[in-house]
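Engineer: Dropping a structure here in structure tokens format, bear with me for questions.
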Amino acid sequence: MSVNSRMELFASYDTIYPADTVEWCPIPEYNNVFVCGTYKLDEASKTKTGTINLFSLHNENKIKLIQSIPEDAVLDLKWNSFIVSGKI
């Protein structure tokens with residue numbers, strides 16, 4: 001059975017390191033915000049490099065990097081599903 005499917009690219013962003021995880025914010029008023037964790041292993045030195053990138057997606061299908069935090073490696077991310085002290 002053959003299924004015809006069509007995917008359309010809305011936006012793209014070069015994360016420098018391979019993207020390992022993407023998680024959308026579960027708070028309804030912030031459903032345009034997501035985080036992307038990256039991870040790269042240098043085989044020669046066995047060092048791990050990565051980032052936590054916070055993005056927003058705008059109506060015109062533009063991705064905007066809000067913040068990038070360097071880390072050793074980011075294999076998984078999870079949002080708190082509640083607003084705490086006024087912050088997501």
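Ordering of the structure tokens sets the chain letters (A, B, ...), residue numbers begin anew at 1 in every chain, and ligands are numbered from 1 in the order given.
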From the DSSP assignment of the backbone, select every residue of chain A that is strand (DSSP E), and format the answer as a CSV table (one decimal) with all heavy atoms, in the first residue's frame.
Structural biologist:
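Wrote it out as selection-v9.csv, contents follow:
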```csv
chain,number,residue,atom,x,y,z
A,19,ALA,N,20.6,18.4,16.6
A,19,ALA,CA,19.4,18.5,17.5
A,19,ALA,C,19.1,17.1,18.0
A,19,ALA,O,18.9,16.2,17.2
A,19,ALA,CB,18.3,19.1,16.8
A,20,ASP,N,19.0,17.0,19.3
A,20,ASP,CA,18.7,15.7,19.9
A,20,ASP,C,17.3,15.6,20.5
A,20,ASP,O,16.6,14.5,20.5
A,20,ASP,CB,19.7,15.4,21.0
A,20,ASP,CG,19.6,14.0,21.5
A,20,ASP,OD1,19.8,13.0,20.7
A,20,ASP,OD2,19.3,13.8,22.7
A,21,THR,N,16.7,16.7,20.9
A,21,THR,CA,15.4,16.7,21.5
A,21,THR,C,14.8,18.1,21.3
A,21,THR,O,15.4,19.1,21.3
A,21,THR,CB,15.5,16.4,23.0
A,21,THR,OG1,14.2,16.4,23.6
A,21,THR,CG2,16.3,17.4,23.8
A,22,VAL,N,13.4,18.1,21.1
A,22,VAL,CA,12.7,19.3,20.9
A,22,VAL,C,11.4,19.1,21.8
A,22,VAL,O,10.8,18.1,21.7
A,22,VAL,CB,12.2,19.5,19.4
A,22,VAL,CG1,11.3,20.7,19.3
A,22,VAL,CG2,13.5,19.7,18.6
A,23,GLU,N,11.1,20.1,22.5
A,23,GLU,CA,9.9,20.1,23.4
A,23,GLU,C,9.2,21.4,23.4
A,23,GLU,O,9.7,22.5,23.7
A,23,GLU,CB,10.4,19.8,24.9
A,23,GLU,CG,9.3,19.6,25.9
A,23,GLU,CD,8.7,18.2,25.8
A,23,GLU,OE1,9.3,17.2,25.3
A,23,GLU,OE2,7.5,18.1,26.4
A,24,TRP,N,7.9,21.4,23.0
A,24,TRP,CA,7.0,22.6,23.0
A,24,TRP,C,6.5,22.9,24.4
A,24,TRP,O,6.3,22.0,25.2
A,24,TRP,CB,5.9,22.3,22.0
A,24,TRP,CG,6.3,22.3,20.6
A,24,TRP,CD1,6.6,21.2,19.9
A,24,TRP,CD2,6.4,23.4,19.7
A,24,TRP,NE1,7.0,21.6,18.6
A,24,TRP,CE2,6.8,23.0,18.5
A,24,TRP,CE3,6.2,24.8,19.9
A,24,TRP,CZ2,7.1,23.8,17.4
A,24,TRP,CZ3,6.4,25.6,18.8
A,24,TRP,CH2,6.8,25.1,17.6
A,33,VAL,N,6.4,28.7,22.0
A,33,VAL,CA,7.7,28.6,22.5
A,33,VAL,C,8.2,27.2,22.6
A,33,VAL,O,7.4,26.3,23.0
A,33,VAL,CB,7.8,29.3,23.9
A,33,VAL,CG1,9.1,29.1,24.6
A,33,VAL,CG2,7.4,30.8,23.8
A,34,PHE,N,9.4,26.9,22.3
A,34,PHE,CA,9.9,25.5,22.4
A,34,PHE,C,11.4,25.6,22.7
A,34,PHE,O,12.1,26.6,22.5
A,34,PHE,CB,9.7,24.7,21.1
A,34,PHE,CG,10.3,25.2,19.9
A,34,PHE,CD1,11.5,24.6,19.4
A,34,PHE,CD2,9.8,26.2,19.1
A,34,PHE,CE1,12.2,25.1,18.3
A,34,PHE,CE2,10.4,26.7,17.9
A,34,PHE,CZ,11.6,26.1,17.5
A,35,VAL,N,11.9,24.5,23.2
A,35,VAL,CA,13.3,24.3,23.5
A,35,VAL,C,13.9,23.2,22.6
A,35,VAL,O,13.2,22.2,22.3
A,35,VAL,CB,13.6,24.0,25.0
A,35,VAL,CG1,13.4,25.2,25.8
A,35,VAL,CG2,12.8,22.8,25.5
A,36,CYS,N,15.1,23.3,22.3
A,36,CYS,CA,15.8,22.3,21.5
A,36,CYS,C,17.1,22.0,22.1
A,36,CYS,O,17.9,22.9,22.4
A,36,CYS,CB,16.0,22.8,20.1
A,36,CYS,SG,17.0,21.8,19.0
A,37,GLY,N,17.4,20.8,22.5
A,37,GLY,CA,18.6,20.3,23.0
A,37,GLY,C,19.5,19.7,22.0
A,37,GLY,O,19.1,19.0,21.1
A,38,THR,N,20.8,20.1,22.0
A,38,THR,CA,21.8,19.5,21.0
A,38,THR,C,22.8,18.8,21.7
A,38,THR,O,23.1,18.9,22.9
A,38,THR,CB,22.4,20.7,20.2
A,38,THR,OG1,23.2,21.5,21.1
A,38,THR,CG2,21.4,21.5,19.5
A,40,LYS,N,26.7,16.7,20.7
A,40,LYS,CA,27.8,16.2,19.8
A,40,LYS,C,28.9,15.6,20.6
A,40,LYS,O,29.4,16.2,21.6
A,40,LYS,CB,28.3,17.3,18.9
A,40,LYS,CG,29.3,16.8,17.9
A,40,LYS,CD,29.6,17.8,16.9
A,40,LYS,CE,30.7,17.3,16.0
A,40,LYS,NZ,30.3,16.9,14.7
A,41,LEU,N,29.3,14.4,20.2
A,41,LEU,CA,30.4,13.7,20.8
A,41,LEU,C,31.6,13.8,19.9
A,41,LEU,O,31.6,13.4,18.7
A,41,LEU,CB,30.1,12.3,21.1
A,41,LEU,CG,31.2,11.4,21.6
A,41,LEU,CD1,31.7,11.9,23.0
A,41,LEU,CD2,30.8,9.9,21.7
A,42,ASP,N,32.7,14.3,20.4
A,42,ASP,CA,34.0,14.4,19.7
A,42,ASP,C,34.6,13.0,19.9
A,42,ASP,O,35.1,12.7,21.0
A,42,ASP,CB,34.9,15.5,20.2
A,42,ASP,CG,36.2,15.6,19.4
A,42,ASP,OD1,36.8,14.5,19.1
A,42,ASP,OD2,36.6,16.7,19.0
A,47,THR,N,35.0,14.1,24.3
A,47,THR,CA,34.3,15.2,24.9
A,47,THR,C,32.9,15.4,24.3
A,47,THR,O,32.7,15.3,23.1
A,47,THR,CB,35.1,16.5,24.8
A,47,THR,OG1,35.3,16.8,23.5
A,47,THR,CG2,36.4,16.4,25.5
A,48,LYS,N,32.0,15.8,25.2
A,48,LYS,CA,30.6,16.1,24.8
A,48,LYS,C,30.3,17.6,24.8
A,48,LYS,O,30.8,18.3,25.7
A,48,LYS,CB,29.6,15.4,25.8
A,48,LYS,CG,29.8,13.9,25.9
A,48,LYS,CD,28.9,13.4,27.0
A,48,LYS,CE,29.3,11.9,27.2
A,48,LYS,NZ,28.6,11.4,28.4
A,49,THR,N,29.6,18.0,23.8
A,49,THR,CA,29.3,19.4,23.6
A,49,THR,C,27.8,19.5,23.3
A,49,THR,O,27.3,18.7,22.5
A,49,THR,CB,30.1,20.1,22.5
A,49,THR,OG1,31.5,19.9,22.7
A,49,THR,CG2,29.9,21.6,22.4
A,50,GLY,N,27.2,20.6,23.8
A,50,GLY,CA,25.8,20.7,23.4
A,50,GLY,C,25.2,22.1,23.9
A,50,GLY,O,26.0,22.9,24.4
A,51,THR,N,24.0,22.3,23.6
A,51,THR,CA,23.3,23.6,24.0
A,51,THR,C,21.9,23.3,24.4
A,51,THR,O,21.3,22.3,23.9
A,51,THR,CB,23.3,24.6,22.9
A,51,THR,OG1,22.7,24.0,21.7
A,51,THR,CG2,24.7,25.0,22.5
A,52,ILE,N,21.3,24.2,25.2
A,52,ILE,CA,19.8,24.3,25.3
A,52,ILE,C,19.4,25.6,24.6
A,52,ILE,O,19.9,26.6,25.0
A,52,ILE,CB,19.4,24.3,26.8
A,52,ILE,CG1,19.9,23.0,27.5
A,52,ILE,CG2,17.9,24.5,26.9
A,52,ILE,CD1,19.7,23.1,29.0
A,53,ASN,N,18.6,25.5,23.6
A,53,ASN,CA,18.2,26.6,22.8
A,53,ASN,C,16.7,26.9,23.1
A,53,ASN,O,15.9,26.0,22.9
A,53,ASN,CB,18.4,26.4,21.3
A,53,ASN,CG,19.9,26.2,21.0
A,53,ASN,OD1,20.7,27.0,21.4
A,53,ASN,ND2,20.2,25.1,20.4
A,54,LEU,N,16.4,28.1,23.4
A,54,LEU,CA,15.0,28.5,23.6
A,54,LEU,C,14.6,29.3,22.4
A,54,LEU,O,15.3,30.3,22.0
A,54,LEU,CB,14.9,29.4,24.9
A,54,LEU,CG,13.5,29.9,25.2
A,54,LEU,CD1,12.5,28.8,25.5
A,54,LEU,CD2,13.6,30.9,26.4
A,55,PHE,N,13.5,28.9,21.8
A,55,PHE,CA,13.0,29.6,20.5
A,55,PHE,C,11.6,30.0,20.7
A,55,PHE,O,10.8,29.5,21.5
A,55,PHE,CB,13.0,28.6,19.4
A,55,PHE,CG,14.4,28.1,18.9
A,55,PHE,CD1,15.0,27.0,19.4
A,55,PHE,CD2,15.1,28.9,18.0
A,55,PHE,CE1,16.2,26.5,19.0
A,55,PHE,CE2,16.4,28.5,17.6
A,55,PHE,CZ,16.9,27.3,18.1
A,56,SER,N,11.2,30.9,19.8
A,56,SER,CA,9.8,31.2,19.6
A,56,SER,C,9.5,31.1,18.1
A,56,SER,O,10.3,31.4,17.3
A,56,SER,CB,9.4,32.6,20.2
A,56,SER,OG,10.1,33.6,19.4
A,57,LEU,N,8.3,30.7,17.8
A,57,LEU,CA,7.8,30.6,16.5
A,57,LEU,C,6.7,31.7,16.3
A,57,LEU,O,5.8,31.7,17.0
A,57,LEU,CB,7.2,29.2,16.2
A,57,LEU,CG,6.7,28.9,14.8
A,57,LEU,CD1,7.8,29.0,13.8
A,57,LEU,CD2,6.0,27.6,14.8
A,63,ILE,N,11.4,31.4,13.0
A,63,ILE,CA,11.9,31.0,14.2
A,63,ILE,C,12.9,32.0,14.8
A,63,ILE,O,13.8,32.5,14.0
A,63,ILE,CB,12.6,29.6,14.1
A,63,ILE,CG1,11.7,28.5,13.6
A,63,ILE,CG2,13.4,29.2,15.3
A,63,ILE,CD1,12.3,27.2,13.3
A,64,LYS,N,12.7,32.4,16.0
A,64,LYS,CA,13.6,33.4,16.7
A,64,LYS,C,14.3,32.7,17.9
A,64,LYS,O,13.6,32.2,18.8
A,64,LYS,CB,12.8,34.6,17.1
A,64,LYS,CG,13.7,35.6,17.8
A,64,LYS,CD,12.9,36.8,18.3
A,64,LYS,CE,13.8,37.8,19.0
A,64,LYS,NZ,13.0,38.9,19.6
A,65,LEU,N,15.6,32.7,17.9
A,65,LEU,CA,16.4,32.3,19.0
A,65,LEU,C,16.3,33.3,20.1
A,65,LEU,O,16.6,34.4,20.0
A,65,LEU,CB,17.8,32.0,18.7
A,65,LEU,CG,18.7,31.6,19.8
A,65,LEU,CD1,18.3,30.2,20.3
A,65,LEU,CD2,20.2,31.5,19.3
A,66,ILE,N,15.8,32.9,21.3
A,66,ILE,CA,15.6,33.8,22.4
A,66,ILE,C,16.9,33.7,23.3
A,66,ILE,O,17.4,34.7,23.8
A,66,ILE,CB,14.4,33.4,23.2
A,66,ILE,CG1,13.1,33.7,22.3
A,66,ILE,CG2,14.3,34.3,24.5
A,66,ILE,CD1,11.8,33.1,22.9
A,67,GLN,N,17.3,32.4,23.6
A,67,GLN,CA,18.5,32.2,24.5
A,67,GLN,C,19.1,30.9,24.1
A,67,GLN,O,18.5,29.9,23.7
A,67,GLN,CB,18.0,32.2,25.9
A,67,GLN,CG,19.1,32.1,26.9
A,67,GLN,CD,18.6,32.2,28.4
A,67,GLN,OE1,17.4,32.0,28.6
A,67,GLN,NE2,19.4,32.4,29.3
A,68,SER,N,20.4,30.9,24.3
A,68,SER,CA,21.2,29.6,24.1
A,68,SER,C,22.2,29.4,25.2
A,68,SER,O,22.9,30.4,25.6
A,68,SER,CB,22.0,29.7,22.8
A,68,SER,OG,22.6,28.5,22.5
A,69,ILE,N,22.1,28.3,25.9
A,69,ILE,CA,22.9,28.0,27.0
A,69,ILE,C,23.8,26.8,26.7
A,69,ILE,O,23.3,25.7,26.4
A,69,ILE,CB,22.0,27.6,28.3
A,69,ILE,CG1,21.1,28.8,28.6
A,69,ILE,CG2,22.9,27.3,29.4
A,69,ILE,CD1,20.0,28.4,29.6
A,70,PRO,N,25.1,27.0,26.7
A,70,PRO,CA,26.0,25.9,26.4
A,70,PRO,C,26.0,24.9,27.6
A,70,PRO,O,26.0,25.3,28.7
A,70,PRO,CB,27.4,26.6,26.3
A,70,PRO,CG,27.3,27.9,26.9
A,70,PRO,CD,25.8,28.3,27.0
A,71,GLU,N,26.1,23.6,27.2
A,71,GLU,CA,26.1,22.5,28.2
A,71,GLU,C,27.0,21.4,27.6
A,71,GLU,O,27.4,21.5,26.5
A,71,GLU,CB,24.7,21.9,28.4
A,71,GLU,CG,23.7,22.9,29.1
A,71,GLU,CD,24.1,23.1,30.6
A,71,GLU,OE1,24.8,22.2,31.2
A,71,GLU,OE2,23.7,24.1,31.1
```
Engineer: Between atom CA of A:Ser85 and atom CA of A:His58, what is the distance in Å, rounded to a tenth?
Structural biologist: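 Pair atom CA of A:Ser85 / atom CA of A:His58 returns 25.6 Å.
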Engineer: Which residues are near A:Ile83? Cut-off 12 Å, only C-alpha atoms, ignore same chain within fewer than 3 positions. Put them as a list in words.
Structural biologist: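 Close residues of A:Ile83: Cys25, Pro26, Ile27, Pro28, Glu29, Tyr30, Trp79, Asn80, Gly86, Lys87 and Ile88 of chain A.
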Engineer: Report, in Å with one decimal, the straight-line distance from atom CA of A:Tyr13 to atom CA of A:Ala44.
Structural biologist: 27.4 Å
Engineer: Rank A:Tyr39, A:Asp72, A:Leu77, A:Lys46 by their smallest atom-to-atom distance to A:Pro18, using only C-alpha atoms, and report the top residue only.
Structural biologist: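 Of A:Tyr39, A:Asp72, A:Leu77, A:Lys46, the one nearest A:Pro18, counting only C-alpha atoms, is A:Tyr39.
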Engineer: Suppose you want the space between atom CA of A:Asn61 and atom CA of A:Lys78; what is it in Å?
Structural biologist: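 Distance between the two atoms: 23.6 Å.
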Engineer: So, counting only C-alpha atoms, which residue among A:Thr15, A:Ser81, A:Asn32, A:Ser45 is closest to A:Glu60?
Structural biologist: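 The answer is A:Asn32, which sits nearest to A:Glu60.
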